[in-house]
$ cat start_24.txt   # compact mmCIF, C-alpha atoms
# COMPACT_ATOMS: atom_id res chain seq x y z
CA MET A 2 -7.88 10.78 -10.83
CA PHE A 3 -5.84 8.14 -9.02
CA THR A 4 -6.73 4.52 -9.69
CA ILE A 5 -5.77 2.27 -6.78
CA TYR A 6 -5.51 -1.42 -7.69
CA VAL A 7 -5.56 -3.67 -4.61
CA TYR A 8 -4.26 -7.13 -5.43
CA VAL A 9 -6.25 -9.77 -3.56
CA LEU A 10 -5.16 -13.35 -3.05
CA ASP A 11 -5.97 -16.23 -0.73
CA THR A 12 -4.69 -15.72 2.86
CA LEU A 13 -4.45 -11.95 2.32
CA ALA A 14 -3.47 -10.31 5.63
CA ASP A 15 -6.61 -8.24 6.25
CA TRP A 16 -5.17 -5.88 8.88
CA GLU A 17 -2.29 -4.70 6.71
CA MET A 18 -4.60 -2.98 4.22
CA GLY A 19 -7.14 -1.47 6.59
CA HIS A 20 -5.69 1.98 7.22
CA VAL A 21 -4.72 2.80 3.66
CA THR A 22 -7.75 1.41 1.84
CA SER A 23 -10.28 2.93 4.24
CA GLU A 24 -8.75 6.40 3.98
CA LEU A 25 -8.28 6.34 0.21
CA TYR A 26 -11.75 4.93 -0.45
CA SER A 27 -13.69 7.09 2.01
CA GLY A 28 -11.76 10.31 1.40
CA ARG A 29 -12.98 11.45 4.80
CA PHE A 30 -9.83 13.44 5.56
CA PHE A 31 -8.97 14.54 2.01
CA LYS A 32 -8.08 18.16 1.39
CA LYS A 33 -10.51 20.22 -0.68
CA ASP A 34 -8.61 20.07 -3.95
CA ALA A 35 -7.47 16.43 -3.69
CA GLN A 36 -7.65 14.29 -6.79
CA ARG A 37 -10.49 11.80 -6.81
CA VAL A 38 -9.64 8.17 -6.12
CA SER A 39 -11.04 5.02 -7.68
CA LEU A 40 -10.24 1.84 -5.73
CA LYS A 41 -10.51 -1.56 -7.41
CA THR A 42 -9.71 -5.05 -6.21
CA VAL A 43 -7.83 -7.13 -8.77
CA SER A 44 -6.66 -10.73 -8.98
CA TYR A 45 -5.41 -13.36 -11.40
CA THR A 46 -9.02 -14.49 -11.92
CA LYS A 47 -12.39 -13.07 -10.93
CA GLU A 48 -13.05 -16.02 -8.63
CA PRO A 49 -13.61 -15.21 -4.93
CA VAL A 50 -10.59 -15.26 -2.63
CA ARG A 51 -10.58 -15.92 1.12
CA THR A 52 -8.53 -13.68 3.38
CA MET A 53 -6.52 -14.79 6.39
CA GLY A 54 -9.38 -13.46 8.52
CA GLY A 55 -11.93 -15.60 6.70
CA LEU A 56 -13.52 -12.82 4.64
CA THR A 57 -14.53 -13.49 1.05
CA ILE A 58 -13.56 -10.94 -1.59
CA ILE A 59 -14.80 -11.02 -5.18
CA PRO A 60 -12.26 -9.16 -7.37
CA ASP A 61 -13.55 -6.19 -9.36
CA CYS A 62 -11.25 -6.90 -12.29
CA SER A 63 -8.46 -9.13 -13.54
CA ILE A 64 -4.81 -8.28 -14.14
CA GLU A 65 -5.50 -7.84 -17.86
CA ASP A 66 -7.87 -4.98 -17.02
CA ILE A 67 -5.21 -2.88 -15.27
CA VAL A 68 -4.42 0.42 -16.96
CA VAL A 69 -0.94 1.65 -16.08
CA SER A 70 -0.27 5.38 -15.93
CA GLU A 71 1.52 7.79 -13.59
CA THR A 72 -1.71 8.06 -11.58
CA SER A 73 -2.01 4.28 -11.12
CA VAL A 74 -1.14 2.71 -7.77
CA LEU A 75 -0.68 -1.01 -7.10
CA LEU A 76 -1.13 -2.21 -3.51
CA LEU A 77 0.32 -5.63 -2.76
CA PRO A 78 -0.65 -7.07 0.66
CA GLY A 79 0.99 -9.75 2.71
CA ALA A 80 -0.21 -13.33 2.36
CA ASN A 81 1.03 -16.88 2.89
CA THR A 82 0.48 -17.83 -0.75
CA TRP A 83 2.88 -15.49 -2.60
CA ASN A 84 5.17 -18.38 -3.58
CA ASP A 85 2.49 -19.73 -5.93
CA SER A 86 3.63 -19.25 -9.52
CA LYS A 87 0.24 -17.87 -10.55
CA HIS A 88 1.21 -14.56 -8.93
CA GLY A 89 3.98 -14.06 -11.47
CA ALA A 90 1.62 -12.06 -13.67
CA ILE A 91 1.03 -9.36 -11.07
CA LEU A 92 4.75 -9.16 -10.33
CA GLU A 93 5.41 -8.60 -14.02
CA LYS A 94 2.75 -5.90 -13.89
CA ALA A 95 4.55 -4.39 -10.87
CA ARG A 96 7.71 -4.20 -12.97
CA GLU A 97 5.74 -2.34 -15.64
CA PHE A 98 4.37 0.06 -13.01
CA LEU A 99 7.83 0.93 -11.71
CA THR A 100 9.29 1.30 -15.21
CA LEU A 101 6.54 3.71 -16.29
CA GLY A 102 6.64 5.80 -13.10
CA ALA A 103 3.48 4.38 -11.55
CA THR A 104 3.48 3.53 -7.84
CA VAL A 105 3.97 0.09 -6.29
CA CYS A 106 3.34 -0.46 -2.57
CA GLY A 107 4.20 -3.81 -1.04
CA ILE A 108 3.98 -5.01 2.55
CA CYS A 109 5.11 -8.11 4.43
CA GLY A 110 4.97 -11.21 2.20
CA ALA A 111 4.58 -9.06 -0.89
CA THR A 112 8.06 -7.64 -0.30
CA ALA A 113 9.42 -11.18 -0.47
CA ALA A 114 7.65 -11.69 -3.80
CA LEU A 115 9.02 -8.39 -5.13
CA ALA A 116 12.51 -9.36 -3.93
CA GLY A 117 12.30 -12.75 -5.58
CA PHE A 118 11.37 -11.03 -8.82
CA GLY A 119 14.44 -8.79 -8.64
CA LEU A 120 12.45 -5.59 -8.12
CA LEU A 121 14.19 -4.65 -4.85
CA ASP A 122 17.77 -5.22 -5.99
CA ASN A 123 18.53 -1.56 -6.71
CA ARG A 124 16.01 0.44 -4.65
CA PRO A 125 15.85 1.35 -0.93
CA HIS A 126 13.31 -0.96 0.69
CA THR A 127 12.39 -2.83 3.84
CA SER A 128 10.68 -6.04 4.89
CA ASN A 129 10.18 -8.21 7.97
CA GLY A 130 13.66 -7.66 9.40
CA ALA A 131 17.27 -8.06 8.34
CA GLY A 132 17.90 -11.50 6.85
CA PHE A 133 14.25 -12.24 6.11
CA LEU A 134 14.46 -11.65 2.36
CA GLU A 135 17.61 -13.74 2.03
CA MET A 136 15.82 -16.57 3.81
CA VAL A 137 12.63 -16.58 1.74
CA SER A 138 13.67 -15.13 -1.63
CA PRO A 139 16.47 -17.04 -3.35
CA GLY A 140 18.34 -14.79 -5.73
CA TYR A 141 17.66 -11.61 -3.76
CA LYS A 142 20.54 -9.19 -4.34
CA GLY A 143 19.32 -6.00 -2.67
CA GLN A 144 21.05 -6.35 0.69
CA SER A 145 22.94 -3.06 0.32
CA PHE A 146 19.62 -1.23 -0.25
CA TYR A 147 17.83 -2.73 2.76
CA VAL A 148 16.69 -0.20 5.38
CA ASP A 149 15.78 -1.52 8.82
CA GLU A 150 12.65 0.59 9.33
CA PRO A 151 8.91 -0.31 9.55
CA SER A 152 8.26 1.32 6.16
CA VAL A 153 10.46 2.88 3.50
CA ALA A 154 9.36 5.23 0.73
CA ASP A 155 11.59 5.55 -2.33
CA ASN A 156 9.64 7.76 -4.72
CA ASN A 157 7.22 5.37 -6.49
CA LEU A 158 8.23 2.27 -4.48
CA ILE A 159 6.86 2.04 -0.93
CA THR A 160 7.57 -1.05 1.16
CA ALA A 161 6.84 -2.16 4.71
CA GLY A 162 7.27 -5.05 7.09
CA SER A 163 4.40 -6.84 8.79
CA THR A 164 4.30 -4.34 11.68
CA GLY A 165 4.59 -1.25 9.50
CA ALA A 166 1.06 -0.97 8.11
CA LEU A 167 0.26 2.41 9.67
CA LEU A 168 3.49 4.08 8.56
CA TRP A 169 3.10 2.42 5.14
CA ALA A 170 -0.35 4.00 4.86
CA LYS A 171 1.10 7.37 5.88
CA HIS A 172 3.80 7.12 3.21
CA ILE A 173 1.25 6.21 0.53
CA ILE A 174 -1.13 9.02 1.48
CA GLU A 175 1.77 11.47 1.57
CA HIS A 176 3.00 10.30 -1.84
CA LEU A 177 -0.44 10.85 -3.36
CA GLY A 178 -0.78 14.27 -1.70
CA VAL A 179 -4.46 13.84 -0.84
CA PHE A 180 -4.17 15.08 2.77
CA GLU A 181 -3.01 18.47 3.97
CA ALA A 182 0.35 18.08 5.73
CA ASP A 183 -1.04 19.02 9.17
CA THR A 184 -3.98 16.63 8.71
CA LEU A 185 -1.65 13.77 7.86
CA LYS A 186 0.57 14.48 10.86
CA ALA A 187 -2.38 14.62 13.26
CA TRP A 188 -3.90 11.48 11.70
CA TYR A 189 -0.67 9.53 12.10
CA ASP A 190 -0.01 10.85 15.60
CA TYR A 191 -3.51 9.87 16.71
CA PHE A 192 -3.55 6.36 15.27
CA SER A 193 0.01 5.63 16.42
CA THR A 194 -0.48 6.84 20.00
CA GLY A 195 -4.23 6.90 20.71
CA LYS A 196 -3.82 10.19 22.58
CA PRO A 197 -6.98 12.33 22.47
CA GLU A 198 -5.11 15.57 21.87
CA HIS A 199 -4.10 14.28 18.46
CA PHE A 200 -7.71 13.44 17.63
CA PHE A 201 -8.77 16.99 18.46
CA ALA A 202 -5.83 18.30 16.43
CA LEU A 203 -7.02 16.18 13.51
CA MET A 204 -10.55 17.56 13.79
CA GLN A 205 -9.16 21.09 14.04
CA THR A 206 -7.25 20.71 10.76
CA LEU A 207 -10.52 19.77 9.05
CA SER A 208 -12.40 22.68 10.65
CA SER A 209 -9.67 25.09 9.59
CA GLU A 210 -9.80 23.82 6.02
CA ASN A 211 -13.56 24.30 5.95
CA GLY A 212 -13.20 27.87 7.21
CA GLN A 213 -14.84 27.19 10.56
$ encode --input "start_24.txt" --output "structure tokens"
Amino acid sequence: MFTIYVYVLDTLADWEMGHVTSELYSGRFFKKDAQRVSLKTVSYTKEPVRTMGGLTIIPDCSIEDIVVSETSVLLLPGANTWNDSKHGAILEKAREFLTLGATVCGICGATAALAGFGLLDNRPHTSNGAGFLEMVSPGYKGQSFYVDEPSVADNNLITAGSTGALLWAKHIIEHLGVFEADTLKAWYDYFSTGKPEHFFALMQTLSSENGQ
């Protein structure tokens, strides 16, 4: 079973998490033999946090409750509050994830936090455009590993800029292997273009899997 830990913090960018959390939690497009997924919100305390969109989230657990294994996934969303020192604990946990082969997925402001912690210095990654990490993360040394794409997957490290949430979700789902390949392609094609033929292709992949 995969355990997905979603780090929540004040000013969390709601829209960046929507595609990936809804698909992993609902499992609505999972293939028949997909591993089960447990999704938990986690923070530095169990006090409620307020998202950028004004929603209140009460964390399910604290950082100390995280169990790190190869089937653990840490999702780090964008936010305007990553420069607060209290987030150092989750960045240290992210280092542990990467060292042990668990998966870390950061988007937007979270990439700046990862960069400032030295976790992007030697791995292909992306962020909010060339020069952004140098501007906001003193000490960042990963310029030669920066890839100017909306999202970049490097094995167990998956990063994205603020406009790359859909591709980031695709990379995460693909990494976990919970969709059939044709389902994932149709899903991404539909949500990235809105064309009805891709919706019908998506439904057809599910019908085919169910033997209909």
$ residues_near_point --input "start_24.txt" --point "(5.6, -0.6, 3.3)" --cutoff "7 Å" --atoms "all atoms listed in the file" --output "JSON, numbers by chain"
{"A": [106, 107, 108, 152, 153, 159, 160, 161, 162, 165, 166, 169]}
$ closest_residue --input "start_24.txt" --among "A:Thr42, A:Asn81, A:Ser73, A:Ser23" --to "Val7 of chain A" --atoms "all atoms listed in the file"
A:Thr42
$ atom_distance --input "start_24.txt" --atom1 "atom CA of Lys47 of chain A" --atom2 "atom CA of Ala114 of chain A"
21.3 Å
$ residues_around --input "start_24.txt" --residues "Glu65 of chain A" --least-positions-apart "4" --cutoff "12 Å" --atoms "all atoms listed in the file" --output "list in words"
Val43, Ser44, Tyr45, Thr46, Lys47, Asp61, Val69, Ala90, Ile91, Glu93 and Lys94 of chain A
$ residues_near_point --input "start_24.txt" --point "(5.8, 7.4, -16.2)" --cutoff "12 Å" --atoms "all atoms listed in the file" --output "list of chain:residue names"
A:Val69, A:Ser70, A:Glu71, A:Thr72, A:Ser73, A:Val74, A:Glu97, A:Phe98, A:Leu99, A:Thr100, A:Leu101, A:Gly102, A:Ala103, A:Thr104, A:Asn157
$ residues_around --input "start_24.txt" --residues "Lys41 of chain A" --least-positions-apart "4" --cutoff "8 Å" --atoms "only C-alpha atoms" --output "list in words"
Thr4, Ile5, Tyr6, Val7, Pro60, Asp61 and Cys62 of chain A
$ residues_around --input "start_24.txt" --residues "Asp15 of chain A" --least-positions-apart "5" --cutoff "10 Å" --atoms "only C-alpha atoms" --output "PyMOL selection string"
chain A and resi 9+52-56+78-80
$ write_last_selection --input "start_24.txt" --atoms "C-alpha atoms" --output "PDB file, keeping the file's coordinate frame"
ATOM      1  CA  VAL A   9      -6.250  -9.770  -3.560  1.00  0.00           C
ATOM      2  CA  THR A  52      -8.530 -13.680   3.380  1.00  0.00           C
ATOM      3  CA  MET A  53      -6.520 -14.790   6.390  1.00  0.00           C
ATOM      4  CA  GLY A  54      -9.380 -13.460   8.520  1.00  0.00           C
ATOM      5  CA  GLY A  55     -11.930 -15.600   6.700  1.00  0.00           C
ATOM      6  CA  LEU A  56     -13.520 -12.820   4.640  1.00  0.00           C
ATOM      7  CA  PRO A  78      -0.650  -7.070   0.660  1.00  0.00           C
ATOM      8  CA  GLY A  79       0.990  -9.750   2.710  1.00  0.00           C
ATOM      9  CA  ALA A  80      -0.210 -13.330   2.360  1.00  0.00           C
TER      10      ALA A  80
END
$ decode --input "start_24.txt" --residues "segment 46-62 of chain A" --atoms "all heavy atoms" --output "PDB file, in the first residue's frame"
ATOM      1  N   THR A  46       2.344  20.945  13.281  1.00  0.00           N
ATOM      2  CA  THR A  46       1.485  20.747  14.449  1.00  0.00           C
ATOM      3  C   THR A  46       0.161  20.195  13.928  1.00  0.00           C
ATOM      4  O   THR A  46      -0.038  20.080  12.716  1.00  0.00           O
ATOM      5  CB  THR A  46       1.199  22.055  15.215  1.00  0.00           C
ATOM      6  OG1 THR A  46       0.313  22.872  14.421  1.00  0.00           O
ATOM      7  CG2 THR A  46       2.478  22.814  15.515  1.00  0.00           C
ATOM      8  N   LYS A  47      -0.746  19.883  14.828  1.00  0.00           N
ATOM      9  CA  LYS A  47      -2.068  19.437  14.401  1.00  0.00           C
ATOM     10  C   LYS A  47      -3.087  20.578  14.437  1.00  0.00           C
ATOM     11  O   LYS A  47      -4.292  20.355  14.337  1.00  0.00           O
ATOM     12  CB  LYS A  47      -2.530  18.260  15.259  1.00  0.00           C
ATOM     13  CG  LYS A  47      -1.721  16.985  15.002  1.00  0.00           C
ATOM     14  CD  LYS A  47      -2.308  15.789  15.706  1.00  0.00           C
ATOM     15  CE  LYS A  47      -1.530  14.519  15.384  1.00  0.00           C
ATOM     16  NZ  LYS A  47      -2.086  13.331  16.074  1.00  0.00           N
ATOM     17  N   GLU A  48      -2.575  21.804  14.548  1.00  0.00           N
ATOM     18  CA  GLU A  48      -3.459  22.967  14.516  1.00  0.00           C
ATOM     19  C   GLU A  48      -3.960  23.204  13.088  1.00  0.00           C
ATOM     20  O   GLU A  48      -3.264  22.893  12.119  1.00  0.00           O
ATOM     21  CB  GLU A  48      -2.708  24.209  15.012  1.00  0.00           C
ATOM     22  CG  GLU A  48      -2.303  24.142  16.473  1.00  0.00           C
ATOM     23  CD  GLU A  48      -3.508  24.032  17.403  1.00  0.00           C
ATOM     24  OE1 GLU A  48      -4.475  24.808  17.201  1.00  0.00           O
ATOM     25  OE2 GLU A  48      -3.480  23.172  18.291  1.00  0.00           O
ATOM     26  N   PRO A  49      -5.166  23.750  12.922  1.00  0.00           N
ATOM     27  CA  PRO A  49      -5.695  24.008  11.586  1.00  0.00           C
ATOM     28  C   PRO A  49      -4.806  24.977  10.805  1.00  0.00           C
ATOM     29  O   PRO A  49      -4.178  25.872  11.381  1.00  0.00           O
ATOM     30  CB  PRO A  49      -7.068  24.625  11.855  1.00  0.00           C
ATOM     31  CG  PRO A  49      -7.420  24.188  13.238  1.00  0.00           C
ATOM     32  CD  PRO A  49      -6.129  24.109  13.985  1.00  0.00           C
ATOM     33  N   VAL A  50      -4.739  24.785   9.496  1.00  0.00           N
ATOM     34  CA  VAL A  50      -4.051  25.726   8.624  1.00  0.00           C
ATOM     35  C   VAL A  50      -5.075  26.299   7.650  1.00  0.00           C
ATOM     36  O   VAL A  50      -6.118  25.700   7.384  1.00  0.00           O
ATOM     37  CB  VAL A  50      -2.892  25.069   7.858  1.00  0.00           C
ATOM     38  CG1 VAL A  50      -1.865  24.492   8.819  1.00  0.00           C
ATOM     39  CG2 VAL A  50      -3.388  23.983   6.912  1.00  0.00           C
ATOM     40  N   ARG A  51      -4.780  27.476   7.114  1.00  0.00           N
ATOM     41  CA  ARG A  51      -5.683  28.154   6.190  1.00  0.00           C
ATOM     42  C   ARG A  51      -4.998  28.262   4.827  1.00  0.00           C
ATOM     43  O   ARG A  51      -3.894  28.797   4.711  1.00  0.00           O
ATOM     44  CB  ARG A  51      -6.032  29.552   6.710  1.00  0.00           C
ATOM     45  CG  ARG A  51      -7.054  30.315   5.874  1.00  0.00           C
ATOM     46  CD  ARG A  51      -8.417  29.649   5.839  1.00  0.00           C
ATOM     47  NE  ARG A  51      -9.036  29.582   7.144  1.00  0.00           N
ATOM     48  CZ  ARG A  51      -9.841  30.524   7.637  1.00  0.00           C
ATOM     49  NH1 ARG A  51     -10.106  31.609   6.931  1.00  0.00           N
ATOM     50  NH2 ARG A  51     -10.373  30.387   8.830  1.00  0.00           N
ATOM     51  N   THR A  52      -5.642  27.722   3.811  1.00  0.00           N
ATOM     52  CA  THR A  52      -5.062  27.729   2.473  1.00  0.00           C
ATOM     53  C   THR A  52      -5.157  29.105   1.836  1.00  0.00           C
ATOM     54  O   THR A  52      -5.849  30.001   2.333  1.00  0.00           O
ATOM     55  CB  THR A  52      -5.763  26.714   1.558  1.00  0.00           C
ATOM     56  OG1 THR A  52      -7.076  27.216   1.237  1.00  0.00           O
ATOM     57  CG2 THR A  52      -5.877  25.342   2.216  1.00  0.00           C
ATOM     58  N   MET A  53      -4.488  29.265   0.691  1.00  0.00           N
ATOM     59  CA  MET A  53      -4.553  30.524  -0.035  1.00  0.00           C
ATOM     60  C   MET A  53      -5.981  30.829  -0.479  1.00  0.00           C
ATOM     61  O   MET A  53      -6.374  31.989  -0.607  1.00  0.00           O
ATOM     62  CB  MET A  53      -3.612  30.475  -1.245  1.00  0.00           C
ATOM     63  CG  MET A  53      -3.292  31.826  -1.841  1.00  0.00           C
ATOM     64  SD  MET A  53      -2.081  31.727  -3.196  1.00  0.00           S
ATOM     65  CE  MET A  53      -0.628  31.166  -2.323  1.00  0.00           C
ATOM     66  N   GLY A  54      -6.764  29.773  -0.697  1.00  0.00           N
ATOM     67  CA  GLY A  54      -8.162  29.945  -1.094  1.00  0.00           C
ATOM     68  C   GLY A  54      -9.112  30.103   0.068  1.00  0.00           C
ATOM     69  O   GLY A  54     -10.334  30.148  -0.128  1.00  0.00           O
ATOM     70  N   GLY A  55      -8.599  30.173   1.289  1.00  0.00           N
ATOM     71  CA  GLY A  55      -9.441  30.410   2.452  1.00  0.00           C
ATOM     72  C   GLY A  55     -10.055  29.174   3.064  1.00  0.00           C
ATOM     73  O   GLY A  55     -10.925  29.277   3.932  1.00  0.00           O
ATOM     74  N   LEU A  56      -9.612  27.981   2.636  1.00  0.00           N
ATOM     75  CA  LEU A  56     -10.135  26.748   3.206  1.00  0.00           C
ATOM     76  C   LEU A  56      -9.340  26.367   4.443  1.00  0.00           C
ATOM     77  O   LEU A  56      -8.124  26.575   4.516  1.00  0.00           O
ATOM     78  CB  LEU A  56     -10.068  25.612   2.182  1.00  0.00           C
ATOM     79  CG  LEU A  56     -10.802  25.847   0.862  1.00  0.00           C
ATOM     80  CD1 LEU A  56     -10.646  24.630  -0.041  1.00  0.00           C
ATOM     81  CD2 LEU A  56     -12.269  26.160   1.102  1.00  0.00           C
ATOM     82  N   THR A  57     -10.003  25.791   5.417  1.00  0.00           N
ATOM     83  CA  THR A  57      -9.352  25.357   6.648  1.00  0.00           C
ATOM     84  C   THR A  57      -9.109  23.854   6.589  1.00  0.00           C
ATOM     85  O   THR A  57     -10.013  23.079   6.298  1.00  0.00           O
ATOM     86  CB  THR A  57     -10.221  25.693   7.873  1.00  0.00           C
ATOM     87  OG1 THR A  57     -10.408  27.111   7.940  1.00  0.00           O
ATOM     88  CG2 THR A  57      -9.551  25.217   9.164  1.00  0.00           C
ATOM     89  N   ILE A  58      -7.878  23.457   6.853  1.00  0.00           N
ATOM     90  CA  ILE A  58      -7.507  22.043   6.865  1.00  0.00           C
ATOM     91  C   ILE A  58      -6.967  21.691   8.245  1.00  0.00           C
ATOM     92  O   ILE A  58      -6.086  22.376   8.769  1.00  0.00           O
ATOM     93  CB  ILE A  58      -6.433  21.731   5.807  1.00  0.00           C
ATOM     94  CG1 ILE A  58      -6.941  22.064   4.406  1.00  0.00           C
ATOM     95  CG2 ILE A  58      -5.998  20.267   5.884  1.00  0.00           C
ATOM     96  CD1 ILE A  58      -5.893  21.907   3.316  1.00  0.00           C
ATOM     97  N   ILE A  59      -7.495  20.629   8.826  1.00  0.00           N
ATOM     98  CA  ILE A  59      -6.971  20.112  10.092  1.00  0.00           C
ATOM     99  C   ILE A  59      -6.086  18.915   9.769  1.00  0.00           C
ATOM    100  O   ILE A  59      -6.570  17.906   9.240  1.00  0.00           O
ATOM    101  CB  ILE A  59      -8.107  19.705  11.042  1.00  0.00           C
ATOM    102  CG1 ILE A  59      -9.006  20.907  11.340  1.00  0.00           C
ATOM    103  CG2 ILE A  59      -7.541  19.132  12.339  1.00  0.00           C
ATOM    104  CD1 ILE A  59     -10.232  20.562  12.170  1.00  0.00           C
ATOM    105  N   PRO A  60      -4.786  18.990  10.036  1.00  0.00           N
ATOM    106  CA  PRO A  60      -3.878  17.898   9.674  1.00  0.00           C
ATOM    107  C   PRO A  60      -4.269  16.581  10.340  1.00  0.00           C
ATOM    108  O   PRO A  60      -4.700  16.549  11.492  1.00  0.00           O
ATOM    109  CB  PRO A  60      -2.518  18.397  10.177  1.00  0.00           C
ATOM    110  CG  PRO A  60      -2.659  19.885  10.256  1.00  0.00           C
ATOM    111  CD  PRO A  60      -4.078  20.123  10.649  1.00  0.00           C
ATOM    112  N   ASP A  61      -4.106  15.498   9.601  1.00  0.00           N
ATOM    113  CA  ASP A  61      -4.357  14.162  10.147  1.00  0.00           C
ATOM    114  C   ASP A  61      -3.271  13.727  11.110  1.00  0.00           C
ATOM    115  O   ASP A  61      -3.530  12.960  12.049  1.00  0.00           O
ATOM    116  CB  ASP A  61      -4.433  13.123   9.009  1.00  0.00           C
ATOM    117  CG  ASP A  61      -5.587  13.372   8.064  1.00  0.00           C
ATOM    118  OD1 ASP A  61      -6.686  13.688   8.547  1.00  0.00           O
ATOM    119  OD2 ASP A  61      -5.385  13.258   6.839  1.00  0.00           O
ATOM    120  N   CYS A  62      -2.043  14.166  10.874  1.00  0.00           N
ATOM    121  CA  CYS A  62      -0.931  13.721  11.711  1.00  0.00           C
ATOM    122  C   CYS A  62       0.165  14.772  11.698  1.00  0.00           C
ATOM    123  O   CYS A  62       0.121  15.746  10.934  1.00  0.00           O
ATOM    124  CB  CYS A  62      -0.401  12.363  11.237  1.00  0.00           C
ATOM    125  SG  CYS A  62       0.198  12.333   9.532  1.00  0.00           S
TER     126      CYS A  62
END
